[in-house]
file work_14.cif (mmCIF, C-alpha atoms)
data_my_file
#
loop_
_atom_site.label_atom_id
_atom_site.label_comp_id
_atom_site.auth_asym_id
_atom_site.auth_seq_id
_atom_site.Cartn_x
_atom_site.Cartn_y
_atom_site.Cartn_z
CA MET Q 1 -11.32 64.96 24.64
CA ASN Q 2 -10.13 65.29 28.20
CA GLU Q 3 -6.68 65.14 29.68
CA ALA Q 4 -6.82 61.48 30.69
CA ARG Q 5 -8.01 60.39 27.28
CA PHE Q 6 -5.39 62.47 25.51
CA VAL Q 7 -2.57 61.02 27.58
CA GLU Q 8 -3.96 57.51 27.17
CA LEU Q 9 -3.89 57.82 23.37
CA LEU Q 10 -0.49 59.53 23.49
CA GLY Q 11 0.89 56.54 25.38
CA ALA Q 12 -0.38 54.13 22.74
CA TYR Q 13 0.08 55.95 19.44
CA GLY Q 14 2.83 58.45 20.21
CA ALA Q 15 2.97 62.16 19.51
CA GLU Q 16 2.32 62.05 15.77
CA LEU Q 17 -1.40 62.75 15.63
CA ALA Q 18 -1.60 61.39 12.08
CA ARG Q 19 -1.20 57.93 13.64
CA TRP Q 20 -4.12 58.44 15.99
CA PRO Q 21 -7.55 56.96 15.32
CA ASP Q 22 -9.53 59.02 12.82
CA GLY Q 23 -12.33 59.73 15.25
CA ASP Q 24 -10.03 61.22 17.89
CA ARG Q 25 -7.58 63.14 15.77
CA SER Q 26 -9.32 66.47 15.29
CA GLU Q 27 -10.39 66.63 18.93
CA ALA Q 28 -6.85 65.84 19.99
CA GLU Q 29 -5.45 68.61 17.80
CA ALA Q 30 -7.89 71.07 19.30
CA PHE Q 31 -7.09 69.84 22.82
CA LEU Q 32 -3.34 70.18 22.27
CA GLU Q 33 -3.76 73.78 21.15
CA ILE Q 34 -5.15 74.80 24.52
CA ALA Q 35 -3.52 72.12 26.70
CA PRO Q 36 -1.58 73.17 29.82
CA HIS Q 37 2.21 73.18 29.65
CA ARG Q 38 2.65 69.96 31.57
CA ILE Q 39 0.60 68.15 28.90
CA LYS Q 40 2.63 69.78 26.16
CA ASP Q 41 5.81 68.66 27.95
CA ILE Q 42 4.55 65.09 27.94
CA TRP Q 43 3.69 65.41 24.27
CA GLU Q 44 7.22 66.74 23.54
CA SER Q 45 8.75 63.83 25.43
CA GLU Q 46 6.74 61.34 23.40
CA ARG Q 47 7.70 63.19 20.24
CA ALA Q 48 11.39 62.80 21.05
CA PHE Q 49 10.81 59.10 21.65
CA ASP Q 50 9.04 58.84 18.26
CA HIS Q 51 12.06 60.37 16.57
CA LEU Q 52 14.26 57.85 18.26
CA LEU Q 53 12.09 54.99 17.00
CA ALA Q 54 12.12 56.52 13.53
CA LEU Q 55 15.88 55.96 13.27
CA GLU Q 56 15.06 52.30 12.68
CA LYS Q 57 14.12 52.96 9.07
CA ASP Q 58 13.08 50.77 6.19
CA MET Q 59 15.83 50.03 3.75
CA PRO Q 60 15.26 49.65 0.01
CA ALA Q 61 15.00 46.03 -1.08
CA SER Q 62 18.06 44.72 -2.86
CA ILE Q 63 17.96 44.27 -6.61
CA SER Q 64 18.86 40.59 -6.18
CA LEU Q 65 15.88 40.03 -3.89
CA GLU Q 66 13.54 41.78 -6.33
CA THR Q 67 14.93 39.61 -9.12
CA ARG Q 68 14.46 36.41 -7.13
CA VAL Q 69 10.91 37.32 -6.16
CA LEU Q 70 9.95 38.17 -9.74
CA ALA Q 71 11.65 35.04 -11.08
CA ARG Q 72 9.41 32.96 -8.84
CA SER Q 73 6.36 34.69 -10.28
CA TYR Q 74 7.43 33.71 -13.81
CA GLU Q 75 8.21 30.15 -12.69
CA ARG Q 76 4.72 29.81 -11.32
CA ARG Q 77 3.23 30.98 -14.59
CA ILE Q 78 5.32 28.58 -16.65
CA VAL Q 79 4.21 25.67 -14.49
CA ARG Q 80 0.64 26.79 -14.15
CA ARG Q 81 -0.23 27.80 -17.70
CA PRO Q 82 -0.90 24.30 -19.18
CA ILE Q 83 -3.23 23.30 -16.38
CA SER Q 84 -5.22 26.41 -15.81
CA GLY Q 85 -8.37 27.80 -17.41
CA MET Q 86 -8.59 27.65 -21.18
CA GLY Q 87 -5.14 26.05 -21.36
CA ALA Q 88 -6.36 23.01 -19.49
CA TRP Q 89 -9.46 22.83 -21.71
CA ARG Q 90 -7.35 22.96 -24.88
CA VAL Q 91 -4.99 20.25 -23.66
CA SER Q 92 -7.87 17.92 -22.80
CA GLN Q 93 -9.46 18.60 -26.22
CA TRP Q 94 -6.23 17.61 -27.96
CA TRP Q 95 -5.99 14.41 -25.99
CA ALA Q 96 -9.60 13.44 -26.61
CA GLY Q 97 -9.41 14.28 -30.33
CA GLY Q 98 -6.16 12.37 -30.79
CA ALA Q 99 -7.46 9.32 -28.99
CA LEU Q 100 -10.67 9.30 -31.06
CA ALA Q 101 -8.77 9.62 -34.35
CA ALA Q 102 -6.36 6.83 -33.41
CA SER Q 103 -9.22 4.58 -32.39
CA LEU Q 104 -11.10 5.13 -35.64
CA ALA Q 105 -8.01 4.59 -37.78
CA LEU Q 106 -7.21 1.35 -35.98
CA GLY Q 107 -10.83 0.20 -36.29
CA PHE Q 108 -10.97 0.81 -40.01
CA ALA Q 109 -7.68 -0.90 -40.66
CA VAL Q 110 -8.52 -4.00 -38.65
CA GLY Q 111 -12.03 -4.09 -40.10
CA TYR Q 112 -10.91 -4.12 -43.69
CA VAL Q 113 -8.18 -6.69 -43.11
CA GLY Q 114 -10.45 -8.97 -41.13
CA GLU Q 115 -13.59 -8.76 -43.37
CA PRO Q 116 -15.52 -11.98 -42.69
CA ALA Q 117 -15.88 -14.52 -45.50
CA ALA Q 118 -18.91 -16.08 -43.87
CA PRO Q 119 -22.38 -14.76 -44.84
CA VAL Q 120 -23.68 -12.16 -42.52
CA ASP Q 121 -27.03 -11.17 -41.36
CA ALA Q 122 -28.82 -8.56 -43.55
CA ASP Q 123 -29.12 -6.04 -40.74
CA TYR Q 124 -25.48 -6.34 -39.85
CA ALA Q 125 -24.59 -6.07 -43.54
CA LYS Q 126 -26.49 -2.80 -43.68
CA MET Q 127 -24.62 -1.55 -40.63
CA LEU Q 128 -21.36 -2.46 -42.29
CA THR Q 129 -22.34 -0.50 -45.39
CA VAL Q 130 -23.18 2.52 -43.30
CA SER Q 131 -20.07 2.32 -41.16
CA GLY Q 132 -17.81 1.18 -43.97
CA GLY Q 133 -16.54 -1.78 -41.97
CA GLY Q 134 -14.05 -1.08 -39.24
CA ALA Q 135 -15.11 -1.46 -35.66
CA GLY Q 136 -18.61 -2.58 -36.72
CA ALA Q 137 -17.09 -5.30 -38.84
CA ILE Q 138 -15.08 -6.62 -35.94
CA PHE Q 139 -18.27 -6.80 -33.87
CA ILE Q 140 -20.19 -8.64 -36.65
CA THR Q 141 -17.30 -11.01 -37.20
CA ALA Q 142 -17.44 -11.90 -33.59
CA MET Q 143 -21.21 -12.32 -33.66
CA ASN Q 144 -20.98 -14.70 -36.61
CA ASP Q 145 -18.19 -16.75 -35.17
CA PRO Q 146 -19.51 -20.35 -35.27
CA GLU Q 147 -17.48 -21.26 -32.26
CA ARG Q 148 -19.06 -18.52 -30.19
CA MET T 149 6.15 65.56 38.25
CA HIS T 150 8.35 65.12 35.23
CA LYS T 151 12.09 65.41 35.74
CA ARG T 152 14.47 66.17 32.96
CA GLY T 153 16.43 63.13 31.85
CA GLU T 154 13.56 60.70 32.33
CA TRP T 155 10.84 59.43 30.10
CA PHE T 156 7.42 60.48 31.22
CA SER T 157 5.43 57.81 32.94
CA LEU T 158 2.01 58.01 31.40
CA GLU T 159 0.27 55.84 33.97
CA GLN T 160 0.09 58.81 36.28
CA PHE T 161 -2.17 60.53 33.77
CA ALA T 162 -4.12 57.64 32.31
CA PRO T 163 -6.07 55.55 34.82
CA ALA T 164 -5.24 51.86 34.60
CA GLY T 165 -7.78 49.86 32.64
CA SER T 166 -9.34 52.95 31.19
CA LEU T 167 -8.52 52.07 27.61
CA SER T 168 -11.67 52.57 25.69
CA THR T 169 -12.85 51.70 22.26
CA LEU T 170 -11.49 54.05 19.69
CA GLY T 171 -13.98 55.90 17.57
CA VAL T 172 -12.61 55.31 14.17
CA GLY T 173 -14.51 56.48 11.17
CA SER T 174 -15.12 53.95 8.44
CA LYS T 175 -13.01 54.26 5.35
CA ALA T 176 -14.86 53.05 2.31
CA MET T 177 -11.89 53.69 0.07
CA ARG T 178 -11.03 51.77 -3.03
CA ASP T 179 -8.15 49.37 -2.62
CA PRO T 180 -5.17 51.07 -4.30
CA ASP T 181 -3.78 47.66 -5.32
CA GLU T 182 -6.98 46.26 -6.78
CA GLU T 183 -6.23 46.93 -10.45
CA LEU T 184 -2.61 45.88 -10.09
CA VAL T 185 -3.55 42.58 -8.45
CA ARG T 186 -6.10 41.89 -11.17
CA ARG T 187 -3.40 42.37 -13.81
CA VAL T 188 -0.95 40.18 -11.89
CA GLY T 189 -3.62 37.48 -11.81
CA GLY T 190 -3.85 37.76 -15.59
CA GLY T 191 -0.11 37.17 -15.98
CA ASP T 192 1.01 40.77 -16.52
CA LYS T 193 4.76 40.87 -15.81
CA ARG T 194 4.89 44.65 -15.57
CA ALA T 195 2.16 44.61 -12.95
CA ALA T 196 4.07 41.96 -10.99
CA ALA T 197 7.19 44.13 -11.06
CA GLU T 198 5.19 47.16 -9.90
CA LEU T 199 3.61 45.20 -7.05
CA VAL T 200 7.05 44.03 -5.95
CA ARG T 201 8.44 47.56 -6.14
CA ARG T 202 5.51 48.89 -4.14
CA HIS T 203 5.43 46.33 -1.34
CA LEU T 204 8.66 44.36 -1.10
CA PRO T 205 10.59 46.87 1.06
CA ARG T 206 7.75 47.04 3.58
CA MET T 207 7.45 43.26 3.77
CA VAL T 208 11.20 42.96 4.36
CA GLY T 209 11.01 45.75 6.95
CA LEU T 210 8.19 44.08 8.83
CA ALA T 211 9.94 40.72 8.88
CA ARG T 212 13.32 42.22 9.80
CA ARG T 213 11.85 44.02 12.79
CA MET T 214 9.94 40.97 13.90
CA LEU T 215 12.76 38.46 13.40
CA GLY T 216 15.85 40.62 13.87
CA ASP T 217 17.62 38.92 10.97
CA HIS T 218 17.88 40.35 7.48
CA ALA T 219 18.42 37.08 5.61
CA GLU T 220 15.47 35.48 7.35
CA ALA T 221 13.40 38.57 6.64
CA GLU T 222 14.15 38.23 2.93
CA ASP T 223 13.03 34.59 3.07
CA VAL T 224 9.74 35.66 4.63
CA ALA T 225 9.23 38.40 2.05
CA GLN T 226 9.81 35.88 -0.74
CA GLU T 227 7.31 33.53 0.86
CA VAL T 228 4.74 36.33 1.03
CA PHE T 229 5.14 37.03 -2.67
CA LEU T 230 4.93 33.34 -3.54
CA ARG T 231 1.49 33.44 -1.96
CA VAL T 232 0.68 36.61 -3.85
CA TRP T 233 1.54 34.92 -7.17
CA LYS T 234 -0.51 31.91 -6.15
CA HIS T 235 -3.62 33.80 -5.05
CA ALA T 236 -3.66 36.94 -7.20
CA GLY T 237 -5.80 35.29 -9.86
CA ALA T 238 -8.47 34.42 -7.33
CA TRP T 239 -8.31 37.68 -5.36
CA GLN T 240 -11.76 39.13 -4.65
CA PRO T 241 -11.70 42.86 -3.99
CA GLY T 242 -13.90 44.29 -1.27
CA LYS T 243 -13.24 41.82 1.55
CA ALA T 244 -9.98 43.36 2.75
CA LYS T 245 -7.33 45.60 1.31
CA PHE T 246 -4.70 43.58 -0.49
CA GLU T 247 -1.92 45.25 1.49
CA THR T 248 -3.64 44.29 4.75
CA TRP T 249 -3.81 40.70 3.55
CA MET T 250 -0.09 40.80 2.72
CA HIS T 251 0.68 42.16 6.17
CA ARG T 252 -1.35 39.39 7.78
CA VAL T 253 0.48 36.73 5.78
CA ALA T 254 3.87 38.26 6.61
CA MET T 255 3.06 38.64 10.29
CA ASN T 256 1.80 35.05 10.57
CA LEU T 257 4.93 33.74 8.85
CA CYS T 258 7.08 35.72 11.31
CA LEU T 259 5.15 34.55 14.37
CA ASP T 260 5.35 30.95 13.11
CA ARG T 261 9.11 31.24 12.76
CA LEU T 262 9.52 32.82 16.17
CA ARG T 263 7.50 30.04 17.81
CA ARG T 264 9.19 27.29 15.84
CA ASN T 265 12.59 28.57 16.88
CA GLY T 266 11.53 29.23 20.44
CA ARG T 267 12.26 32.93 20.18
CA GLN T 268 9.60 34.77 22.10
CA GLY T 269 11.32 38.03 22.96
CA GLY T 270 11.46 38.49 26.64
CA GLU T 271 12.56 40.31 29.67
CA VAL T 272 13.81 43.73 28.97
CA SER T 273 16.71 44.92 30.98
CA PRO T 274 16.87 48.59 31.76
CA GLU T 275 20.60 48.32 31.14
CA THR T 276 22.19 48.99 27.81
CA PRO T 277 21.95 46.02 25.42
CA ASP T 278 25.52 44.88 25.98
CA GLY T 279 25.30 45.38 29.71
CA ARG T 280 27.62 48.36 29.89
CA ALA T 281 26.69 51.40 31.88
CA SER T 282 25.65 54.39 29.87
CA ALA T 283 28.59 56.41 28.71
CA THR T 284 28.30 60.16 28.74
CA ARG T 285 28.94 60.61 25.08
CA ALA T 286 26.67 61.44 22.23
CA LEU T 287 25.86 58.49 20.01
CA ASP T 288 25.81 58.71 16.28
CA ASP T 289 22.74 57.69 14.30
CA ARG T 290 24.06 54.24 13.52
CA GLN T 291 24.65 53.51 17.19
CA ARG T 292 21.26 54.89 18.12
CA ARG T 293 19.64 52.75 15.45
CA GLU T 294 21.37 49.66 16.81
CA ARG T 295 20.20 50.44 20.33
CA VAL T 296 16.63 50.87 19.16
CA ARG T 297 16.84 47.71 17.08
CA ASP T 298 18.14 45.70 20.04
CA ALA T 299 15.47 47.11 22.31
CA LEU T 300 12.79 46.23 19.76
CA GLN T 301 14.05 42.67 19.60
CA SER T 302 13.82 42.35 23.35
CA LEU T 303 10.09 43.16 23.36
CA PRO T 304 7.63 40.30 23.84
CA GLU T 305 6.43 39.28 20.38
CA ARG T 306 2.85 40.58 20.67
CA GLN T 307 4.00 43.99 21.84
CA ARG T 308 6.60 44.07 19.10
CA ALA T 309 4.02 43.04 16.50
CA ALA T 310 1.62 45.80 17.57
CA LEU T 311 4.32 48.45 17.48
CA VAL T 312 5.71 47.29 14.15
CA LEU T 313 2.28 47.31 12.51
CA CYS T 314 1.09 50.66 13.85
CA TYR T 315 4.33 52.58 13.98
CA TYR T 316 6.57 51.22 11.24
CA GLN T 317 4.03 49.78 8.82
CA ASP T 318 1.52 52.63 9.22
CA ARG T 319 -1.46 50.32 9.65
CA SER T 320 -4.56 51.84 11.23
CA ASN T 321 -5.57 50.58 14.65
CA ILE T 322 -8.43 48.59 13.12
CA GLU T 323 -6.20 47.00 10.50
CA ALA T 324 -3.52 46.15 13.04
CA ALA T 325 -6.05 44.67 15.45
CA ASP T 326 -7.50 42.62 12.61
CA ILE T 327 -4.09 41.35 11.53
CA LEU T 328 -3.23 40.30 15.08
CA GLY T 329 -6.70 38.90 15.77
CA VAL T 330 -7.31 41.08 18.81
CA SER T 331 -9.75 43.83 19.74
CA VAL T 332 -8.81 47.48 19.25
CA ASP T 333 -8.73 47.84 23.05
CA ALA T 334 -6.27 44.97 23.32
CA LEU T 335 -4.16 46.45 20.54
CA GLU T 336 -4.04 49.78 22.32
CA SER T 337 -2.97 48.04 25.50
CA LEU T 338 -0.19 46.20 23.62
CA LEU T 339 0.99 49.47 22.08
CA SER T 340 1.09 51.25 25.44
CA ARG T 341 3.03 48.41 27.03
CA ALA T 342 5.41 48.24 24.07
CA ARG T 343 6.30 51.91 24.28
CA ARG T 344 6.62 51.72 28.04
CA THR T 345 8.87 48.67 27.85
CA LEU T 346 11.04 50.26 25.19
CA LYS T 347 11.45 53.42 27.24
CA SER T 348 12.45 51.32 30.19
CA ALA T 349 14.97 49.39 28.09
CA LEU T 350 16.48 52.58 26.77
CA SER T 351 16.21 54.65 29.92
CA ALA T 352 19.82 54.18 30.96
CA GLU T 353 20.94 55.75 27.71
CA ARG T 354 18.19 58.25 27.32
CA ALA T 355 20.37 61.35 27.51
CA ASP T 356 22.90 59.94 25.03
CA LEU T 357 20.23 58.71 22.68
CA LEU T 358 18.46 62.04 22.55
CA SER T 359 21.54 64.21 22.54
CA GLY T 360 21.98 65.77 19.15
CA LEU T 361 18.96 63.95 17.76
CA GLU T 362 17.17 66.05 15.18
CA THR T 363 13.55 66.26 16.27
CA SER T 364 12.30 69.13 14.18
#
call {"tool": "encode", "arguments": {"input": "work_14.cif", "output": "structure tokens"}}
result
Amino acid sequence: MNEARFVELLGAYGAELARWPDGDRSEAEAFLEIAPHRIKDIWESERAFDHLLALEKDMPASISLETRVLARSYERRIVRRPISGMGAWRVSQWWAGGALAASLALGFAVGYVGEPAAPVDADYAKMLTVSGGGAGAIFITAMNDPER
Amino acid sequence: MHKRGEWFSLEQFAPAGSLSTLGVGSKAMRDPDEELVRRVGGGDKRAAAELVRRHLPRMVGLARRMLGDHAEAEDVAQEVFLRVWKHAGAWQPGKAKFETWMHRVAMNLCLDRLRRNGRQGGEVSPETPDGRASATRALDDRQRRERVRDALQSLPERQRAALVLCYYQDRSNIEAADILGVSVDALESLLSRARRTLKSALSAERADLLSGLETS
């Protein structure tokens, strides 16, 4: 650390050596110990200027601002929860399950009501037995429709 | 030679253009906010409150010094935390300290507002902020604070940003340079010019400003 370098850093970072770059700090402390008076005068002048700057202090945040900021964090969670992660997976599972159940119920009901009176093919009859009618029955009814 | 009643002019000691790269040791420290941010991402309300308590005043302070308006500064701080709530769940430790990221977001929001509103800071008059000649009376702390605040506002925005980050927000030179997207050399140059400009702006009142100021 020489005089020019010390003054250069002093002009940028001020007199508080804790603000100086890590790599220069210890050398600067050592230099200041043995520095001539004119350098110490400069350092004192910068120190006074630092104190002046320090009058412009941080103020504590208001309670109302803290409350508003935190309220927004909760809002985000309330909006986000159903569409994120496992929540989104659960919602989609409910929709898929509900749709499947409704479809099956409708198929069975329509199938039983609309059981064809016309003779059906043996293979289709077997399918009906397995499926118990429903959607399969609708398909077979359509296949056996003479007007088809 | 230095005369009493004047700020020192450092150019006489530091050759122009001699700003060199600062040898800064690497700090492989754990991010002090890492655990807190992880909990916030998981929906922990207590962690959110702690994060707000820890960082809100500094975000407001940064924005207030950059924008010179407390209400606008609170808006910026709220906007910063909206982004925190949005991104906390996806935060990946190790890339940058969370606080540095918050500072970058806050600074960018401030610079955006300044540019949008056409407020760039500007010429600094060596006169007192209201144009009056310096009175030979000691100023109280509130008056001094107002003078400093006015002088800060008159700095060009890049100089103000550098000073705010390094002096008031306690960012390291590397962090501040990163936040502003400049080299450490350029940051150092901005800091030197900022201090010089401020001294010039306050020079007419120097004696009054320093009179009775506790410097111990």
call {"tool": "resolve_selection", "arguments": {"input": "work_14.cif", "expression": "the PyMOL selection byres ((chain Q) within 10 of (chain T))", "output": "number ranges by chain"}}
result
Q: 3-14, 16, 18-25, 38-39, 41-62, 65-70, 72-77, 80-81
call {"tool": "write_last_selection", "arguments": {"input": "work_14.cif", "atoms": "C-alpha atoms", "output": "compact mmCIF listing (two decimals), in the coordinates of the input"}}
result
# COMPACT_ATOMS: atom_id res chain seq x y z
CA GLU Q 3 -6.68 65.14 29.68
CA ALA Q 4 -6.82 61.48 30.69
CA ARG Q 5 -8.01 60.39 27.28
CA PHE Q 6 -5.39 62.47 25.51
CA VAL Q 7 -2.57 61.02 27.58
CA GLU Q 8 -3.96 57.51 27.17
CA LEU Q 9 -3.89 57.82 23.37
CA LEU Q 10 -0.49 59.53 23.49
CA GLY Q 11 0.89 56.54 25.38
CA ALA Q 12 -0.38 54.13 22.74
CA TYR Q 13 0.08 55.95 19.44
CA GLY Q 14 2.83 58.45 20.21
CA GLU Q 16 2.32 62.05 15.77
CA ALA Q 18 -1.60 61.39 12.08
CA ARG Q 19 -1.20 57.93 13.64
CA TRP Q 20 -4.12 58.44 15.99
CA PRO Q 21 -7.55 56.96 15.32
CA ASP Q 22 -9.53 59.02 12.82
CA GLY Q 23 -12.33 59.73 15.25
CA ASP Q 24 -10.03 61.22 17.89
CA ARG Q 25 -7.58 63.14 15.77
CA ARG Q 38 2.65 69.96 31.57
CA ILE Q 39 0.60 68.15 28.90
CA ASP Q 41 5.81 68.66 27.95
CA ILE Q 42 4.55 65.09 27.94
CA TRP Q 43 3.69 65.41 24.27
CA GLU Q 44 7.22 66.74 23.54
CA SER Q 45 8.75 63.83 25.43
CA GLU Q 46 6.74 61.34 23.40
CA ARG Q 47 7.70 63.19 20.24
CA ALA Q 48 11.39 62.80 21.05
CA PHE Q 49 10.81 59.10 21.65
CA ASP Q 50 9.04 58.84 18.26
CA HIS Q 51 12.06 60.37 16.57
CA LEU Q 52 14.26 57.85 18.26
CA LEU Q 53 12.09 54.99 17.00
CA ALA Q 54 12.12 56.52 13.53
CA LEU Q 55 15.88 55.96 13.27
CA GLU Q 56 15.06 52.30 12.68
CA LYS Q 57 14.12 52.96 9.07
CA ASP Q 58 13.08 50.77 6.19
CA MET Q 59 15.83 50.03 3.75
CA PRO Q 60 15.26 49.65 0.01
CA ALA Q 61 15.00 46.03 -1.08
CA SER Q 62 18.06 44.72 -2.86
CA LEU Q 65 15.88 40.03 -3.89
CA GLU Q 66 13.54 41.78 -6.33
CA THR Q 67 14.93 39.61 -9.12
CA ARG Q 68 14.46 36.41 -7.13
CA VAL Q 69 10.91 37.32 -6.16
CA LEU Q 70 9.95 38.17 -9.74
CA ARG Q 72 9.41 32.96 -8.84
CA SER Q 73 6.36 34.69 -10.28
CA TYR Q 74 7.43 33.71 -13.81
CA GLU Q 75 8.21 30.15 -12.69
CA ARG Q 76 4.72 29.81 -11.32
CA ARG Q 77 3.23 30.98 -14.59
CA ARG Q 80 0.64 26.79 -14.15
CA ARG Q 81 -0.23 27.80 -17.70
call {"tool": "atom_distance", "arguments": {"input": "work_14.cif", "atom1": "atom CA of Leu303 of chain T", "atom2": "atom CA of Ala244 of chain T"}}
result
28.8 Å
call {"tool": "resolve_selection", "arguments": {"input": "work_14.cif", "expression": "the PyMOL selection byres ((chain T and resi 259-264) around 12)", "output": "PyMOL selection string"}}
result
chain T and resi 210-217+220-221+223-224+252-258+265-269+301+304-306+308-309+327-328
call {"tool": "atom_distance", "arguments": {"input": "work_14.cif", "atom1": "atom CA of Met1 of chain Q", "atom2": "atom CA of Ala28 of chain Q"}}
result
6.5 Å
call {"tool": "atom_distance", "arguments": {"input": "work_14.cif", "atom1": "atom CA of Met250 of chain T", "atom2": "atom CA of Val330 of chain T"}}
result
17.6 Å
call {"tool": "resolve_selection", "arguments": {"input": "work_14.cif", "expression": "the PyMOL selection byres ((chain T and resi 179) around 9)", "output": "PyMOL selection string"}}
result
chain T and resi 177-178+180-183+241-242+244-247
call {"tool": "build_atoms", "arguments": {"input": "work_14.cif", "residues": "segment 50-66 of chain Q", "atoms": "N, CA and C atoms", "output": "compact mmCIF listing (two decimals), keeping the file's coordinate frame"}}
result
# COMPACT_ATOMS: atom_id res chain seq x y z
N ASP Q 50 9.43 59.21 19.63
CA ASP Q 50 9.04 58.84 18.26
C ASP Q 50 10.21 59.02 17.30
N HIS Q 51 10.92 60.12 17.46
CA HIS Q 51 12.06 60.37 16.57
C HIS Q 51 13.15 59.33 16.75
N LEU Q 52 13.29 58.91 17.98
CA LEU Q 52 14.26 57.85 18.26
C LEU Q 52 13.85 56.54 17.55
N LEU Q 53 12.59 56.21 17.67
CA LEU Q 53 12.09 54.99 17.00
C LEU Q 53 12.25 55.10 15.49
N ALA Q 54 12.08 56.33 14.99
CA ALA Q 54 12.12 56.52 13.53
C ALA Q 54 13.51 56.29 12.95
N LEU Q 55 14.53 56.24 13.79
CA LEU Q 55 15.88 55.96 13.27
C LEU Q 55 15.95 54.55 12.69
N GLU Q 56 15.08 53.68 13.18
CA GLU Q 56 15.06 52.30 12.68
C GLU Q 56 14.22 52.29 11.40
N LYS Q 57 14.86 52.72 10.31
CA LYS Q 57 14.12 52.96 9.07
C LYS Q 57 14.06 51.72 8.18
N ASP Q 58 13.11 51.78 7.25
CA ASP Q 58 13.08 50.77 6.19
C ASP Q 58 14.25 50.99 5.26
N MET Q 59 14.78 49.91 4.75
CA MET Q 59 15.83 50.03 3.75
C MET Q 59 15.25 49.57 2.41
N PRO Q 60 15.76 50.12 1.30
CA PRO Q 60 15.26 49.65 0.01
C PRO Q 60 15.62 48.17 -0.18
N ALA Q 61 14.72 47.46 -0.83
CA ALA Q 61 15.00 46.03 -1.08
C ALA Q 61 16.13 45.91 -2.09
N SER Q 62 16.94 44.90 -1.93
CA SER Q 62 18.06 44.72 -2.86
C SER Q 62 17.54 44.29 -4.23
N ILE Q 63 18.33 44.65 -5.24
CA ILE Q 63 17.96 44.27 -6.61
C ILE Q 63 17.90 42.75 -6.72
N SER Q 64 18.83 42.06 -6.06
CA SER Q 64 18.86 40.59 -6.18
C SER Q 64 17.60 39.98 -5.58
N LEU Q 65 17.11 40.56 -4.49
CA LEU Q 65 15.88 40.03 -3.89
C LEU Q 65 14.69 40.27 -4.83
N GLU Q 66 14.63 41.48 -5.38
CA GLU Q 66 13.54 41.78 -6.33
C GLU Q 66 13.57 40.79 -7.49
